[in-house]
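**Q** The structure is given below, and queries will be raised subsequently.
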Amino acid sequence: MIFNDLIQIKEKELAARKKITLRCCMAAGCMPSDAKGVKEQLVKAVAEAGLQDEVEVRGVGCLKLCCEGPLVQADPQNLLYIKVTAENAPSIVAALKGGQANVAQTNLDAAFFKKQLSIVLANSGVVDPERIESYLAADGYQALHEVLHETTPKDVVVAMVKSGLRGRGGAGFPTGLKWGTVAKSPGAKKYVICNADEGDPGAFMDRSVLESDPHAVLEGMAIAAYAVGADQGFIYVRAEYPLAISRLQIAIKQAKQMGLLGAGIFESPFNFNIDLRIGAGAFVCGEETALMASVEGKRGTPRTRPPFPAESGLHGCPTLINNIETFANVPPIYRNGAEWFAGIGTEKSKGTKVFALAGKIKNTGLIEVPMGTPLRTIVEEMGGGAPDGGKIKAVQTGGPSGGCIPAQHLDTPVDYESLGKLGSIMGSGGMIVMDDSTNMVEIARFFMEFCMDESCGKCIPCRAGTVQMHHLLDKIANRKATARDLAKLEELCDMVKNTSLCGLGQTAPNPTLSTLRFFRNEYEALLQPDQFGPRGNGEAAKQPAAAKQ
Amino acid sequence: MAAKTLTIDGKQISAEEGATILQASEEASVKIPTLCHLDGVYDVGACRLCLVEVTGVPKLLPACTTKVAEGMDIKTDSERLRKYRRMILELLFAERNHVCAVCVSNGHCELQMLAYSNGMDHVRYEYTFPKWSLDTTHNLFGMDHNRCVLCTRCVRVCWHIEAAGTKNVAGRGGKSRIITDLNMPWGEADSCTSCGKCVQACPTGALFHKGSTVGEMERDRSKLEFIVTAREKQQWISAD
Amino acid sequence: MSFLDLDEFLIELAGAVDLVYSPVVDVKEYPENVDVCLIEGAVCNEDNLAILHKIRARTKVLISFGDCAVTGNVPAMRNQLGLDNAKNVLQCAYIENAQNNPNVPKADGIVPQLLEWVLPVHEVVHVEYYLPGCPPPADRIKAVLGQMLSGVEPKLEGANLKFG
């Protein structure tokens with residue numbers, strides 16, 4: 001494969017394009033509502049109408065407005081049909097030749113779509129994720145070619161630093177700095193790992209990227225491998241994402257067949273292979289050191305850092321580990337230039353961020369917005385506010401490691417620092433909206449239960465601390481706790497945060513701490529008078545001993 | 001190898017490059033509390049009792065796995081650290097059924113000693129009273145999960161010193177437990193060489209010689225140290 | 001019993017305090033305005049609970065006395081049997097293992113009902129000080145009482161702090 005081959009495939013693919021395209025969402029959001037049946041019937045209806053030469057029915061990735069699926073988009077008519085059923089197919093096809101289909105549509109000019117800026121999701125809902133040609137038609141793998149033939153690994157790192165991209169896994173570590181560190185770490189063998197162990201409740205953006213545009217991740221990993229000097233990559237993806245796994249398998253196979261992965265890529269001396277590793281359902285394996293232990297076939301528990309993976313990671317070798325969205329940002333950065341990317345977003349948070357918008361909100365789905373977009377724009381304009389006349393009470397970001405941002409702070413811009421100041425984190429992109437019917441103590445208890453169940457059990461503060469914090473939250477929620485219990489809870493939050501071994505434990509108290517910070521009255525309203533506290537409370541009333549568990 | 005100079009609790013000391021803070025603290029005669037650490041096997045930094053404050057570092061660092069650096073200023077005994085250590089110990093006592101009065105290790109237990117030295121006169125967290133079993137299928141040793149603190153010392157000596165690989169950890173969170181072979185009764189675990197190193201390594205009454213009764217289970221760590229010294233330094237020195 | 005091991009210190013103690021209530025003192029009702037109470041035993045049944053609530057309300061300083069009071073100790077081991085443990089231990093003791101006349105003793109007002117869970121004292125009421133040990137030996141009791149009599153905040157340290 002040389003550059004001309006790449007362009008030839010692209011041109012052949014574009015030449016084969018038909019006048020009209022029906023793009024059918026084939027991502028996990030629409031699949032359970034018979035998206036496959038819809039696509040099959042559309043193909044059939046097109047054939048029956050004799051329009052095979054004019055209409056292409058293309059299976060694509062996520063079309064974003066997940067709450068209204070299955071979705072079908074018609075081009076160039078620019079119509080997005082919603083809640084499509086297999087029976088609707090003839091009506092949709094008939095309308096391609098003029099007239100109105102008897103199928104509900106949504107307004108593509110609505111804020112939900114118009115306020116989005118697609119970089120990571122640019123191909124989502126456009127390319128067919130199961131055909132590499134479709135990705136090549138969208139200029140795929142050209143960035144890799146350019147990097148391999150026109151840039152030194154050092155310059156690749158320099159460009160990454162210049163772009164200002166920060167890790168999209170949640171913590172926001174500067175990507176260029178990480179690449180540079182791995183590149184400079186001595187070692188004959190190095191690895192690149194893509195962390196696709198997305199596990200936050202309510203988060204599905206990483207899954208959507210894999211299901212919609214797997215080649216962007218592969219290309220990003222290959223560029224990263226070239227920059228740091230690695231020849232082997234792993235994608236660690238959770239077993240709960242069978243569709244993403246299958247699309248990755250197809251993508252890797254196709255890329256290998258075309259010589260875009262493997263030995264001597266683009267007739268350069270650069271070799272790079274990618275293998276999949278399937279997680280077994282442990283949330284903690286999203287923590288990088290636990291993930292690497294799992295890839296090595298060991299029990300997935302974190303270890304103390306330093307040494308950091310950049311110095312000693314997988315099998316003791318320097319290892320670059322980034323999140324899916326980080327890698328998916330890489331090809332567009334090299335296609336369009338680091339300056340272009342650095343021009344988007346805020347001073348310290350560049351580019352865009354993908355969020356999985358969920359919870360008590362009208363429009364749920366996948367959004368990608370420039371960094372610095374106010375939360376209010378996201379939840380009120382794009383999300384359409386709370387359904388059924390409810391009022392938005394808080395927005396939760398960062399999943400079990402994040403916090404709840406109350407409605408009075410909705411004007412906060414979405415960037416790493418601003419969210420951090422409010423006791424939350426950017427996180428990997430889960431955004432759960434809560435309305436005024438939400439009980440914040442229950443929310444804290446829910447996330448604590450999650451962390452308690454997912455603690456690996458290695459360090460004591462997280463293993464035993466989450467159990468006690470959950471018990472105290474349970475006691476408060478069940479109106480059996482006193483002010484002394486609340487004080488104990490706060491003390492434990494502080495201790496677990498400061499003494500746990502890995503990020504899971506260090507951030508497990510965050511949902512509790514942030515709800516305590518902004519909704520303390522809800523906790524206090526549930527507290528009981530301390531009848532049997534220190535002397536001075538009068539004659540004790542009869543009360544059964546607090547039942548356990 | 002270059003030496004590093006550093007300060008531990010105000011005392012200036014020198015340490016070999018590559019030494020951990022815990023190793024260096026011995027030279028300063030500073031006692032940092034430990035539980036999962038065991039001389040002779042690699043450290044995992046899991047119990048968090050040896051966390052120390054290092055000037056200029058916002059996070060607390062485990063002394064057992066953190067290497068010394070030139071000019072480090074380390075505090076091992078602040079009010080905050082004492083508070084956290086006591087809380088960690090209380091969490092351990094509340095986590096399983098540590099009934100000292102009827103324990104084989106009563107009086108020789110590292111968990112007890114840590115509780116005393118950290119002033120733990122009671123446990124503020126509610127005891128969870130979980131149901132755990134006792135494995136007495138091995139003909140020499142017993143395992144009482146009620147007393148286990150999951151320090152994994154037994155696992156590490158089994159793999160690192162004896163190289164039998166019998167012991168391991170299964171499950172997660174508070175439901176984690178030490179298993180033998182593929183989660184089978186110890187007596188049926190074929191890989192076990194019955195060397196008893198795990199019993200010597202155990203800090204509490206979780207692993208014991210069969211037939212020991214309350215307070216009778218005393219450990220002899222010098223045997224482990226003897227083997228490690230012999231292997232690593234080729235010196236066959238017995239402690240006694 | 002280890003309290004009685006205080007031997008001659010008991011005489012000294014008698015000069016400094018009034019012993020107003022004890023299982024071995026012939027007073028039926030726990031008096032008001034008590035300064036210090038040493039509470040032993042875990043909270044196992046309805047009676048324990050009622051008297052503990054009363055004691056807390058009428059006492060300035062509670063000292064949890066002995067491992068059973070401080071940790072639940074052996075009496076609390078039935079908690080490990082989970083829900084219904086009270087029913088199950090009675091069943092096991094009085095029915096399954098009865099040699100003759102199997103039945104669970106029951107007499108309202110005489111035999112108190114077991115609580116669902118056995119709890120250490122401080123999980124039921126606030127406790128000021130702790131004196132663990134199984135049993136706490138006389139010198140440790142003396143140390144704590146001595147500190148209190150001389151107006152010092154009682155605190156067990158070093159060899160005096162010991163469970164089991």
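Chain lettering (A, B, ...) mirrors the order of the structure tokens, residue numbering begins at 1 for each chain separately, and ligand numbering begins at 1 in order of display.
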Could the residues of stretch 18-132 of chain B that have an atom at most 12 Å from stretch 161-169 of chain B be listed as a Markdown table, each with its closest atom pair and the distance in Å to one decimal, counting only C-alpha atoms and ordered by chain and ascending residue number?
**A**
```
| residue | atom | partner | partner_atom | distance |
| --- | --- | --- | --- | --- |
| B:Leu38 | CA | B:Ile161 | CA | 11.9 |
| B:Asp39 | CA | B:Ile161 | CA | 11.5 |
| B:Gly40 | CA | B:Ile161 | CA | 8.3 |
| B:Val41 | CA | B:Ile161 | CA | 7.5 |
| B:Tyr42 | CA | B:Ile161 | CA | 10.2 |
```
**Q** May I have the residues from that selection written out with C-alpha atoms, as a PDB file, in the first residue's frame?
**A**
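Result saved to part27.pdb:
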```
ATOM      1  CA  LEU B  38       7.174  -8.382  55.347  1.00  0.00           C
ATOM      2  CA  ASP B  39      10.957  -8.422  55.195  1.00  0.00           C
ATOM      3  CA  GLY B  40      12.092 -10.659  52.367  1.00  0.00           C
ATOM      4  CA  VAL B  41       9.124 -10.356  50.019  1.00  0.00           C
ATOM      5  CA  TYR B  42       8.280  -7.565  47.607  1.00  0.00           C
TER       6      TYR B  42
END
```
**Q** Give the strand (DSSP E or B) residues of stretch 343-458 of chain A, as DSSP finds them on the backbone, and put them as a ChimeraX atom specification.
**A** /A:345,350,352-359,365-370,374,392-397,403-406,413,430-435
**Q** Would you write out those residues with N, CA and C atoms, as a short mmCIF file (atom, residue, chain, number, x, y, z; two decimals), in the first residue's frame?
**A**
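Resulting contents of out35.cif:
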```
data_model
loop_
_atom_site.label_atom_id
_atom_site.label_comp_id
_atom_site.auth_asym_id
_atom_site.auth_seq_id
_atom_site.Cartn_x
_atom_site.Cartn_y
_atom_site.Cartn_z
N GLY A 345 -11.78 25.54 21.84
CA GLY A 345 -11.85 25.30 23.27
C GLY A 345 -11.37 26.48 24.07
N LYS A 350 -8.30 22.23 25.41
CA LYS A 350 -8.44 22.41 23.96
C LYS A 350 -9.37 21.37 23.36
N THR A 352 -12.66 19.48 21.70
CA THR A 352 -14.05 19.24 22.06
C THR A 352 -14.11 18.14 23.11
N LYS A 353 -15.31 17.93 23.62
CA LYS A 353 -15.51 16.78 24.52
C LYS A 353 -16.83 16.12 24.15
N VAL A 354 -16.77 14.80 24.10
CA VAL A 354 -17.99 14.03 23.82
C VAL A 354 -18.65 13.70 25.16
N PHE A 355 -19.95 13.90 25.23
CA PHE A 355 -20.69 13.53 26.44
C PHE A 355 -21.83 12.59 26.08
N ALA A 356 -22.09 11.69 26.98
CA ALA A 356 -23.28 10.85 26.88
C ALA A 356 -24.32 11.51 27.78
N LEU A 357 -25.25 12.19 27.15
CA LEU A 357 -26.24 12.96 27.89
C LEU A 357 -27.38 12.02 28.30
N ALA A 358 -27.61 11.93 29.60
CA ALA A 358 -28.61 10.96 30.07
C ALA A 358 -29.31 11.51 31.31
N GLY A 359 -30.29 10.81 31.76
CA GLY A 359 -31.00 11.17 32.98
C GLY A 359 -32.30 11.90 32.70
N GLY A 365 -28.72 11.40 24.52
CA GLY A 365 -27.95 10.93 23.38
C GLY A 365 -26.51 11.36 23.47
N LEU A 366 -25.88 11.36 22.31
CA LEU A 366 -24.45 11.61 22.23
C LEU A 366 -24.21 13.02 21.73
N ILE A 367 -23.41 13.80 22.45
CA ILE A 367 -23.13 15.14 21.97
C ILE A 367 -21.62 15.39 22.02
N GLU A 368 -21.19 16.25 21.14
CA GLU A 368 -19.79 16.68 21.16
C GLU A 368 -19.79 18.19 21.07
N VAL A 369 -19.22 18.82 22.09
CA VAL A 369 -19.25 20.28 22.15
C VAL A 369 -17.83 20.81 22.37
N PRO A 370 -17.58 22.06 21.94
CA PRO A 370 -16.25 22.64 22.21
C PRO A 370 -16.06 22.78 23.71
N PRO A 374 -20.93 26.31 28.17
CA PRO A 374 -21.54 26.29 29.50
C PRO A 374 -22.47 25.08 29.66
N ILE A 392 -34.53 21.41 36.48
CA ILE A 392 -33.22 20.76 36.63
C ILE A 392 -32.63 21.14 37.99
N LYS A 393 -32.18 20.11 38.68
CA LYS A 393 -31.65 20.34 40.02
C LYS A 393 -30.12 20.26 40.03
N ALA A 394 -29.59 19.32 39.30
CA ALA A 394 -28.14 19.15 39.29
C ALA A 394 -27.71 18.37 38.07
N VAL A 395 -26.42 18.49 37.75
CA VAL A 395 -25.84 17.72 36.66
C VAL A 395 -24.67 16.93 37.24
N GLN A 396 -24.68 15.64 36.98
CA GLN A 396 -23.62 14.80 37.51
C GLN A 396 -22.62 14.51 36.40
N THR A 397 -21.36 14.82 36.64
CA THR A 397 -20.34 14.44 35.65
C THR A 397 -19.30 13.56 36.33
N GLY A 403 -18.83 14.47 40.62
CA GLY A 403 -19.70 15.11 41.60
C GLY A 403 -20.94 15.67 40.95
N CYS A 404 -21.84 16.19 41.79
CA CYS A 404 -23.08 16.79 41.31
C CYS A 404 -22.93 18.30 41.33
N ILE A 405 -23.15 18.88 40.16
CA ILE A 405 -23.07 20.34 40.06
C ILE A 405 -24.49 20.88 40.14
N PRO A 406 -24.76 21.74 41.13
CA PRO A 406 -26.14 22.20 41.31
C PRO A 406 -26.57 23.21 40.26
N PRO A 413 -18.48 26.80 32.62
CA PRO A 413 -18.04 26.22 31.35
C PRO A 413 -17.48 24.82 31.56
N GLY A 430 -19.56 10.90 30.94
CA GLY A 430 -20.93 10.63 31.39
C GLY A 430 -21.52 11.93 31.93
N MET A 431 -22.74 12.26 31.53
CA MET A 431 -23.39 13.45 32.07
C MET A 431 -24.84 13.10 32.40
N ILE A 432 -25.11 13.00 33.69
CA ILE A 432 -26.45 12.58 34.10
C ILE A 432 -27.17 13.79 34.70
N VAL A 433 -28.30 14.11 34.11
CA VAL A 433 -29.06 15.27 34.55
C VAL A 433 -30.10 14.81 35.58
N MET A 434 -30.24 15.60 36.64
CA MET A 434 -31.21 15.25 37.68
C MET A 434 -32.22 16.37 37.81
N ASP A 435 -33.48 16.01 37.99
CA ASP A 435 -34.49 17.05 38.17
C ASP A 435 -34.88 17.12 39.64
#
```
**Q** Taking 4 positions as the minimum chain separation for residues in the same chain, which residues sit within 12 Å of A:Lys190 when counting only C-alpha atoms? Answer as a VMD selection string.
**A** chain A and resid 179 181 to 186 224 to 234 272 309 to 321
**Q** Just give me the gap between atom CA of A:Asp5 and atom CA of A:Lys19 in Å, one decimal is fine.
**A**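 Going from atom CA of A:Asp5 over to atom CA of A:Lys19, I get 25.1 Å.
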**Q** To one decimal place in Å, what is the distance between atom CA of A:Gly125 and atom CA of A:Val60?
**A**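 Atom-to-atom, atom CA of A:Gly125 and atom CA of A:Val60 are spaced 4.8 Å apart.
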**Q** Using only C-alpha atoms, what does the table of chain A residues within 8 Å of chain B look like, with each row giving the shortest atom pair and its distance in Å to one decimal, sorted by chain and ascending number, as CSV?
**A**
```
residue,atom,partner,partner_atom,distance
A:Arg303,CA,B:Val44,CA,6.9
A:Thr304,CA,B:Gly45,CA,6.5
A:Pro306,CA,B:Thr66,CA,7.7
A:Met452,CA,B:Gly173,CA,6.6
A:Asp453,CA,B:Gly173,CA,6.3
A:Glu454,CA,B:Gly173,CA,6.5
A:Ser455,CA,B:Gly173,CA,4.5
A:Cys456,CA,B:Arg172,CA,4.7
A:Gly457,CA,B:Gly173,CA,3.8
A:Lys458,CA,B:Ala46,CA,5.8
A:Cys459,CA,B:Ala46,CA,4.4
A:Ile460,CA,B:Cys47,CA,5.6
A:Pro461,CA,B:Ile88,CA,6.3
A:Arg463,CA,B:Gly173,CA,5.1
A:Ala464,CA,B:Leu91,CA,5.8
A:Gly465,CA,B:Leu91,CA,6.6
A:Val467,CA,B:Gly174,CA,7.5
A:Gln468,CA,B:Tyr125,CA,7.0
A:Met495,CA,B:Tyr84,CA,6.1
A:Asn498,CA,B:Leu60,CA,7.0
A:Thr499,CA,B:Arg48,CA,6.5
A:Ser500,CA,B:Arg48,CA,7.3
A:Leu501,CA,B:Ala46,CA,6.9
```
**Q** When you get a sec, could you note down which chain C residues fall within 10 Å of chain A, using only C-alpha atoms, as an NGL selection string?
**A** :C and (43 or 45-46 or 49-62 or 79 or 82-83 or 115-119 or 122-128)
**Q** Take the residues just selected and output them with C-alpha atoms as a short mmCIF file (atom, residue, chain, number, x, y, z; two decimals), in the first residue's frame.
**A**
```cif
data_model
loop_
_atom_site.label_atom_id
_atom_site.label_comp_id
_atom_site.auth_asym_id
_atom_site.auth_seq_id
_atom_site.Cartn_x
_atom_site.Cartn_y
_atom_site.Cartn_z
CA VAL C 43 -26.14 -5.50 74.62
CA ASN C 45 -31.51 -8.59 75.10
CA GLU C 46 -34.41 -6.24 75.78
CA LEU C 49 -31.23 -2.30 76.21
CA ALA C 50 -33.74 -0.80 78.63
CA ILE C 51 -31.27 -0.51 81.50
CA LEU C 52 -28.58 0.89 79.20
CA HIS C 53 -30.88 3.64 77.99
CA LYS C 54 -31.79 4.43 81.57
CA ILE C 55 -28.15 4.42 82.66
CA ARG C 56 -27.14 6.76 79.86
CA ALA C 57 -29.83 9.24 80.82
CA ARG C 58 -28.90 9.20 84.49
CA THR C 59 -25.12 9.08 84.29
CA LYS C 60 -22.48 11.69 83.56
CA VAL C 61 -19.67 9.42 82.48
CA LEU C 62 -20.00 5.95 81.02
CA ASN C 79 -24.38 -12.10 64.76
CA GLY C 82 -27.00 -13.51 60.02
CA LEU C 83 -30.67 -12.65 60.15
CA LEU C 115 -32.27 -8.72 70.39
CA GLU C 116 -31.81 -9.43 66.74
CA TRP C 117 -28.21 -8.28 66.94
CA VAL C 118 -25.77 -8.25 69.81
CA LEU C 119 -24.11 -4.86 69.94
CA HIS C 122 -21.14 2.35 72.23
CA GLU C 123 -23.18 1.35 69.19
CA VAL C 124 -26.30 1.87 71.32
CA VAL C 125 -25.48 4.89 73.48
CA HIS C 126 -22.67 7.39 73.66
CA VAL C 127 -19.76 6.20 75.78
CA GLU C 128 -17.11 8.48 77.27
#
```
